[in-house]
Amino acid sequence: MRFPVRRSLRPGLRTRLIAAFLLVAAVSALTTAALTYQSARSAILKQAQDQAVEQFREQIANEYFALPASAAALQNACRSLARAGKPHPWFVFAEYGTLRASSTSRPTSTVITDELRNQTHANAHGSFQRVIQDGTPYLTIGMPVMFDRGSSEQHSGVYLYAVMDLRTESVTIQAMVSAAKNGALPALAVAVVPALLAARSVLRPVRDLRRAASSMGKGRLDTRIEVKGSDELADLAWTFNESAEQLERSVEELQKAEARARRFASDVSHELRTPLAGMLAVTEVLDEDADGLDPDTARAVRLISAETGKLATLVEDLMEISRFDAKAAELNPDEVDVAETIRKTLQRRHWQDRVRTQLPDGVRAMIDPRRFDIVMANLVGNALRHGVEPVTVRLRPAVGEGPLVVEVEDGGPGIDAAVLPHIFDRFFKADAARTRSAGSGLGLAITQENVRLHGGTVRATNGPGGGALFTVELPTGLLAAEAAEAAEAAEAAEAAQAAGAAGATEAGEAAR
């Protein structure tokens, strides 16, 4: 049985292996880049903010504030603190009650949030916050001005805020992201090389296994795979070789047993032909004299004659099937009128009155008349014995490159679905009660072999009317081509003989 080749839209194993390898490489590169980015970003920002917070705290501690503070004094303090801003210049804003002052032209900043103010008022050590406004990152720091009372510190009511631009750090971080992106593509391109090498190392044993399996499927059971290494693929190759060796031994044993069985059947059939010929001759004589015998003896004589005929038929069928098994069956095609050949088959067996025919005239084909007669006789006889009349034989001529079709259909209940797959098996009988019937159980098997010898097919189904339907298809185009080749070969042989005869004549005249 040949299984259909499945064409899948999925990519091949090589493509999937390379894709998986590149995916792992890409995920690793992206994960590493992401972790590196996070760590570097946190380090850069933390360094900038820690330095700025510490610097701002020290500058406030060194600055002098007189209370109650005036707006001018607060503005001078803001400008003094702004000039000392590190690592980048910052803008300083002061709040004292309702007074607002800054180192800029604006007394307040929209970057400073209420959340930062609340945290600054509540924490004596100040607070900071990173804010992004209009796409620009800022570091905002809030510090309260404290008075030292010896054992404790007291809020002066002055709160200072520093706003530092972090665009330089943002540019540095963005440069790291770009470097990670630019480095990922070359890394993936470089990863293709080990991916190809890895795929090759994995696929080579798989290809060897596929070739070996294909070779075994073609009948070369001595195929083996070279085992390399000690990995799982090497174990697979070793297992394949061991299985192939066991299969080869099993097949050899089965072939030997089958050959012995075929030889036995052939020898038995051949040896039975001679005594059966004598028995048939005797039974024919006894049949002629049976009417003159007493009834019991006559019945016994007729029974012996019938059983001897069945045995002779079985022996002939066994010899025929043995020839097919031994590949000794030969096809002798001849151009015949197919409809006339079918009519002769029915006339020889006196079935013409029991079979309806639909046989268009003028259908000619290259077939073996004797084997085609056997095919038709087996199919029609099977329909008459096991089906219900009327039995119909239809002939449909080949259309274009199509086959010649012959159908045999009976009017019975049809073939059971469980029986259809086995209908052409040897010695198979659908009804166990028919074990004593005239059939040998080889008729349909011989029919199938004869059709195959013609290069055709035969199948059994149930027709639209419910009866069993056997369909024979013969590739007439192929047979005609073979016949043309045989005719050309015959013409070439005749030409060679004519040339040889002419040469011999000329040689004889020269000798005289």
# chains A, B, ... in the order shown; residues from 1 in each chain; ligands from 1

$ residues_around --residues "Glu245 (chain A)" --least-positions-apart "3" --cutoff "9 Å" --atoms "only C-alpha atoms" --output "compact mmCIF listing (two decimals) with N, CA and C atoms, in the first residue's frame"
# COMPACT_ATOMS: atom_id res chain seq x y z
N LEU A 221 17.42 -4.33 1.92
CA LEU A 221 17.37 -4.54 3.36
C LEU A 221 18.75 -4.61 3.99
N ASP A 222 19.82 -4.65 3.21
CA ASP A 222 21.18 -4.68 3.76
C ASP A 222 21.71 -3.27 4.01
N THR A 223 20.85 -2.26 3.90
CA THR A 223 21.28 -0.88 4.13
C THR A 223 21.59 -0.66 5.60
N ARG A 224 22.72 0.00 5.86
CA ARG A 224 23.11 0.33 7.22
C ARG A 224 23.60 1.77 7.28
N PHE A 240 18.62 1.86 14.51
CA PHE A 240 18.17 1.62 13.14
C PHE A 240 18.91 0.42 12.54
N ASN A 241 20.22 0.37 12.72
CA ASN A 241 21.00 -0.75 12.16
C ASN A 241 20.57 -2.08 12.78
N GLU A 242 20.34 -2.06 14.08
CA GLU A 242 19.92 -3.30 14.74
C GLU A 242 18.54 -3.74 14.24
N GLU A 248 15.91 -7.78 8.22
CA GLU A 248 16.48 -8.53 7.11
C GLU A 248 16.42 -10.04 7.37
N ARG A 249 16.75 -10.42 8.62
CA ARG A 249 16.68 -11.85 8.96
C ARG A 249 15.24 -12.36 8.88
N SER A 250 14.31 -11.55 9.41
CA SER A 250 12.91 -11.98 9.38
C SER A 250 12.39 -12.11 7.96

$ residues_around --residues "Ala124 (chain A)" --least-positions-apart "6" --cutoff "12 Å" --atoms "only C-alpha atoms" --output "JSON list (two decimals) with N, CA and C atoms, in the first residue's frame"
[["chain", "number", "residue", "atom", "x", "y", "z"],
["A", 57, "ARG", "N", 23.13, 70.07, 49.62],
["A", 57, "ARG", "CA", 23.05, 70.08, 51.09],
["A", 57, "ARG", "C", 24.25, 70.82, 51.68],
["A", 118, "ASN", "N", 5.63, 68.73, 49.85],
["A", 118, "ASN", "CA", 5.15, 68.06, 51.06],
["A", 118, "ASN", "C", 6.25, 67.22, 51.70],
["A", 142, "GLY", "N", 14.64, 69.22, 47.13],
["A", 142, "GLY", "CA", 14.06, 70.14, 48.13],
["A", 142, "GLY", "C", 14.78, 69.99, 49.46],
["A", 143, "MET", "N", 15.23, 71.12, 50.05],
["A", 143, "MET", "CA", 15.95, 71.12, 51.32],
["A", 143, "MET", "C", 15.39, 72.21, 52.24],
["A", 144, "PRO", "N", 15.05, 71.88, 53.48],
["A", 144, "PRO", "CA", 14.67, 72.92, 54.44],
["A", 144, "PRO", "C", 15.93, 73.55, 55.08],
["A", 145, "VAL", "N", 15.90, 74.82, 55.36],
["A", 145, "VAL", "CA", 17.00, 75.48, 56.07],
["A", 145, "VAL", "C", 16.73, 75.31, 57.57],
["A", 146, "MET", "N", 17.69, 74.68, 58.27],
["A", 146, "MET", "CA", 17.51, 74.35, 59.68],
["A", 146, "MET", "C", 18.44, 75.22, 60.53],
["A", 147, "PHE", "N", 17.99, 75.54, 61.76],
["A", 147, "PHE", "CA", 18.81, 76.24, 62.75],
["A", 147, "PHE", "C", 19.28, 75.24, 63.78],
["A", 152, "SER", "N", 19.28, 70.08, 69.28],
["A", 152, "SER", "CA", 18.27, 69.79, 68.27],
["A", 152, "SER", "C", 18.35, 70.82, 67.16],
["A", 153, "GLU", "N", 17.64, 70.51, 66.09],
["A", 153, "GLU", "CA", 17.55, 71.41, 64.95],
["A", 153, "GLU", "C", 16.11, 71.89, 64.81],
["A", 154, "GLN", "N", 15.98, 73.13, 64.33],
["A", 154, "GLN", "CA", 14.66, 73.73, 64.22],
["A", 154, "GLN", "C", 14.49, 74.31, 62.82],
["A", 155, "HIS", "N", 13.29, 74.14, 62.24],
["A", 155, "HIS", "CA", 12.98, 74.68, 60.92],
["A", 155, "HIS", "C", 13.02, 76.20, 60.97],
["A", 156, "SER", "N", 13.67, 76.75, 59.99],
["A", 156, "SER", "CA", 13.72, 78.22, 59.90],
["A", 156, "SER", "C", 12.53, 78.76, 59.13],
["A", 157, "GLY", "N", 11.84, 77.90, 58.39],
["A", 157, "GLY", "CA", 10.72, 78.34, 57.56],
["A", 157, "GLY", "C", 11.13, 78.62, 56.13],
["A", 158, "VAL", "N", 12.45, 78.55, 55.87],
["A", 158, "VAL", "CA", 12.94, 78.77, 54.51],
["A", 158, "VAL", "C", 13.14, 77.39, 53.84],
["A", 159, "TYR", "N", 12.59, 77.25, 52.64],
["A", 159, "TYR", "CA", 12.74, 76.00, 51.89],
["A", 159, "TYR", "C", 13.34, 76.32, 50.53]]

$ select_by_dssp --residues "region 257-398 of chain A" --states "strand (DSSP E or B)" --output "VMD selection string"
chain A and resid 334 to 337 355 to 358 364 to 367 391 to 396

$ closest_residue --among "A:Val405, A:Ala179, A:Ala298, A:Ala101" --to "Val472 (chain A)" --atoms "only C-alpha atoms"
A:Val405

$ closest_residue --among "A:Ala25, A:Glu288, A:Leu384, A:Ser39" --to "Pro186 (chain A)" --atoms "only C-alpha atoms"
A:Ala25

$ decode --residues "region 227-333 of chain A" --atoms "C-alpha atoms" --output "mmCIF file, in the first residue's frame"
data_model
loop_
_atom_site.group_PDB
_atom_site.id
_atom_site.type_symbol
_atom_site.label_atom_id
_atom_site.label_comp_id
_atom_site.auth_asym_id
_atom_site.auth_seq_id
_atom_site.Cartn_x
_atom_site.Cartn_y
_atom_site.Cartn_z
ATOM 1 C CA VAL A 227 27.522 5.262 13.567
ATOM 2 C CA LYS A 228 29.531 8.321 14.603
ATOM 3 C CA GLY A 229 29.937 9.635 18.125
ATOM 4 C CA SER A 230 28.051 8.602 21.227
ATOM 5 C CA ASP A 231 25.152 11.058 21.400
ATOM 6 C CA GLU A 232 21.416 10.461 20.968
ATOM 7 C CA LEU A 233 21.673 10.541 17.169
ATOM 8 C CA ALA A 234 24.364 7.870 17.310
ATOM 9 C CA ASP A 235 22.026 5.783 19.498
ATOM 10 C CA LEU A 236 19.298 6.295 16.893
ATOM 11 C CA ALA A 237 21.626 5.133 14.097
ATOM 12 C CA TRP A 238 22.653 2.095 16.140
ATOM 13 C CA THR A 239 18.993 1.248 16.842
ATOM 14 C CA PHE A 240 18.172 1.617 13.137
ATOM 15 C CA ASN A 241 20.996 -0.746 12.163
ATOM 16 C CA GLU A 242 19.919 -3.303 14.745
ATOM 17 C CA SER A 243 16.280 -3.103 13.616
ATOM 18 C CA ALA A 244 17.318 -3.341 9.953
ATOM 19 C CA GLU A 245 19.387 -6.441 10.696
ATOM 20 C CA GLN A 246 16.507 -8.107 12.514
ATOM 21 C CA LEU A 247 14.116 -7.134 9.719
ATOM 22 C CA GLU A 248 16.475 -8.534 7.106
ATOM 23 C CA ARG A 249 16.682 -11.849 8.956
ATOM 24 C CA SER A 250 12.908 -11.976 9.384
ATOM 25 C CA VAL A 251 12.273 -11.167 5.731
ATOM 26 C CA GLU A 252 14.799 -13.786 4.608
ATOM 27 C CA GLU A 253 13.073 -16.393 6.761
ATOM 28 C CA LEU A 254 9.655 -15.362 5.446
ATOM 29 C CA GLN A 255 10.900 -15.417 1.852
ATOM 30 C CA LYS A 256 12.358 -18.860 2.341
ATOM 31 C CA ALA A 257 9.151 -20.098 3.945
ATOM 32 C CA GLU A 258 7.064 -18.518 1.167
ATOM 33 C CA ALA A 259 9.319 -20.014 -1.489
ATOM 34 C CA ARG A 260 8.984 -23.443 0.127
ATOM 35 C CA ALA A 261 5.203 -23.039 0.281
ATOM 36 C CA ARG A 262 5.018 -21.982 -3.371
ATOM 37 C CA ARG A 263 7.309 -24.785 -4.384
ATOM 38 C CA PHE A 264 5.215 -27.256 -2.421
ATOM 39 C CA ALA A 265 1.965 -26.023 -4.013
ATOM 40 C CA SER A 266 3.514 -26.103 -7.466
ATOM 41 C CA ASP A 267 4.994 -29.561 -6.996
ATOM 42 C CA VAL A 268 1.797 -30.974 -5.508
ATOM 43 C CA SER A 269 -0.285 -29.456 -8.292
ATOM 44 C CA HIS A 270 2.059 -30.799 -10.936
ATOM 45 C CA GLU A 271 2.157 -34.247 -9.415
ATOM 46 C CA LEU A 272 -1.638 -34.351 -9.101
ATOM 47 C CA ARG A 273 -2.254 -33.549 -12.745
ATOM 48 C CA THR A 274 -1.284 -36.992 -14.041
ATOM 49 C CA PRO A 275 -3.468 -39.093 -11.696
ATOM 50 C CA LEU A 276 -6.272 -36.540 -12.030
ATOM 51 C CA ALA A 277 -6.207 -36.920 -15.808
ATOM 52 C CA GLY A 278 -6.772 -40.657 -15.400
ATOM 53 C CA MET A 279 -9.469 -40.097 -12.787
ATOM 54 C CA LEU A 280 -11.306 -37.658 -15.025
ATOM 55 C CA ALA A 281 -11.220 -40.131 -17.895
ATOM 56 C CA VAL A 282 -12.641 -42.831 -15.647
ATOM 57 C CA THR A 283 -15.345 -40.569 -14.198
ATOM 58 C CA GLU A 284 -16.438 -39.589 -17.700
ATOM 59 C CA VAL A 285 -16.957 -43.268 -18.523
ATOM 60 C CA LEU A 286 -18.767 -43.814 -15.243
ATOM 61 C CA ASP A 287 -21.000 -40.807 -15.894
ATOM 62 C CA GLU A 288 -22.007 -42.278 -19.239
ATOM 63 C CA ASP A 289 -22.953 -45.604 -17.600
ATOM 64 C CA ALA A 290 -24.514 -44.104 -14.466
ATOM 65 C CA ASP A 291 -28.025 -44.359 -15.836
ATOM 66 C CA GLY A 292 -27.685 -48.144 -15.995
ATOM 67 C CA LEU A 293 -26.644 -48.493 -12.364
ATOM 68 C CA ASP A 294 -28.855 -48.739 -9.316
ATOM 69 C CA PRO A 295 -29.831 -45.354 -7.788
ATOM 70 C CA ASP A 296 -27.429 -45.418 -4.804
ATOM 71 C CA THR A 297 -24.472 -46.409 -6.968
ATOM 72 C CA ALA A 298 -25.401 -43.793 -9.569
ATOM 73 C CA ARG A 299 -25.496 -41.072 -6.924
ATOM 74 C CA ALA A 300 -22.092 -42.164 -5.637
ATOM 75 C CA VAL A 301 -20.645 -42.182 -9.152
ATOM 76 C CA ARG A 302 -21.970 -38.703 -9.893
ATOM 77 C CA LEU A 303 -20.643 -37.432 -6.537
ATOM 78 C CA ILE A 304 -17.188 -38.837 -7.288
ATOM 79 C CA SER A 305 -17.296 -37.282 -10.753
ATOM 80 C CA ALA A 306 -18.312 -33.860 -9.385
ATOM 81 C CA GLU A 307 -15.676 -33.871 -6.638
ATOM 82 C CA THR A 308 -13.010 -34.991 -9.088
ATOM 83 C CA GLY A 309 -13.951 -32.070 -11.340
ATOM 84 C CA LYS A 310 -13.631 -29.674 -8.391
ATOM 85 C CA LEU A 311 -10.237 -31.137 -7.550
ATOM 86 C CA ALA A 312 -9.082 -30.744 -11.135
ATOM 87 C CA THR A 313 -10.218 -27.105 -11.133
ATOM 88 C CA LEU A 314 -8.405 -26.464 -7.843
ATOM 89 C CA VAL A 315 -5.191 -28.014 -9.175
ATOM 90 C CA GLU A 316 -5.335 -25.901 -12.333
ATOM 91 C CA ASP A 317 -5.954 -22.760 -10.279
ATOM 92 C CA LEU A 318 -3.058 -23.602 -7.949
ATOM 93 C CA MET A 319 -0.724 -24.101 -10.885
ATOM 94 C CA GLU A 320 -1.882 -20.811 -12.415
ATOM 95 C CA ILE A 321 -1.350 -18.864 -9.194
ATOM 96 C CA SER A 322 2.042 -20.547 -8.762
ATOM 97 C CA ARG A 323 3.100 -19.244 -12.166
ATOM 98 C CA PHE A 324 2.165 -15.729 -11.080
ATOM 99 C CA ASP A 325 4.105 -16.106 -7.848
ATOM 100 C CA ALA A 326 7.143 -17.370 -9.709
ATOM 101 C CA LYS A 327 6.921 -14.438 -12.180
ATOM 102 C CA ALA A 328 6.672 -17.013 -14.938
ATOM 103 C CA ALA A 329 3.344 -15.822 -16.318
ATOM 104 C CA GLU A 330 3.718 -14.323 -19.789
ATOM 105 C CA LEU A 331 1.524 -11.849 -21.639
ATOM 106 C CA ASN A 332 0.886 -12.482 -25.335
ATOM 107 C CA PRO A 333 -1.088 -9.425 -26.511
#
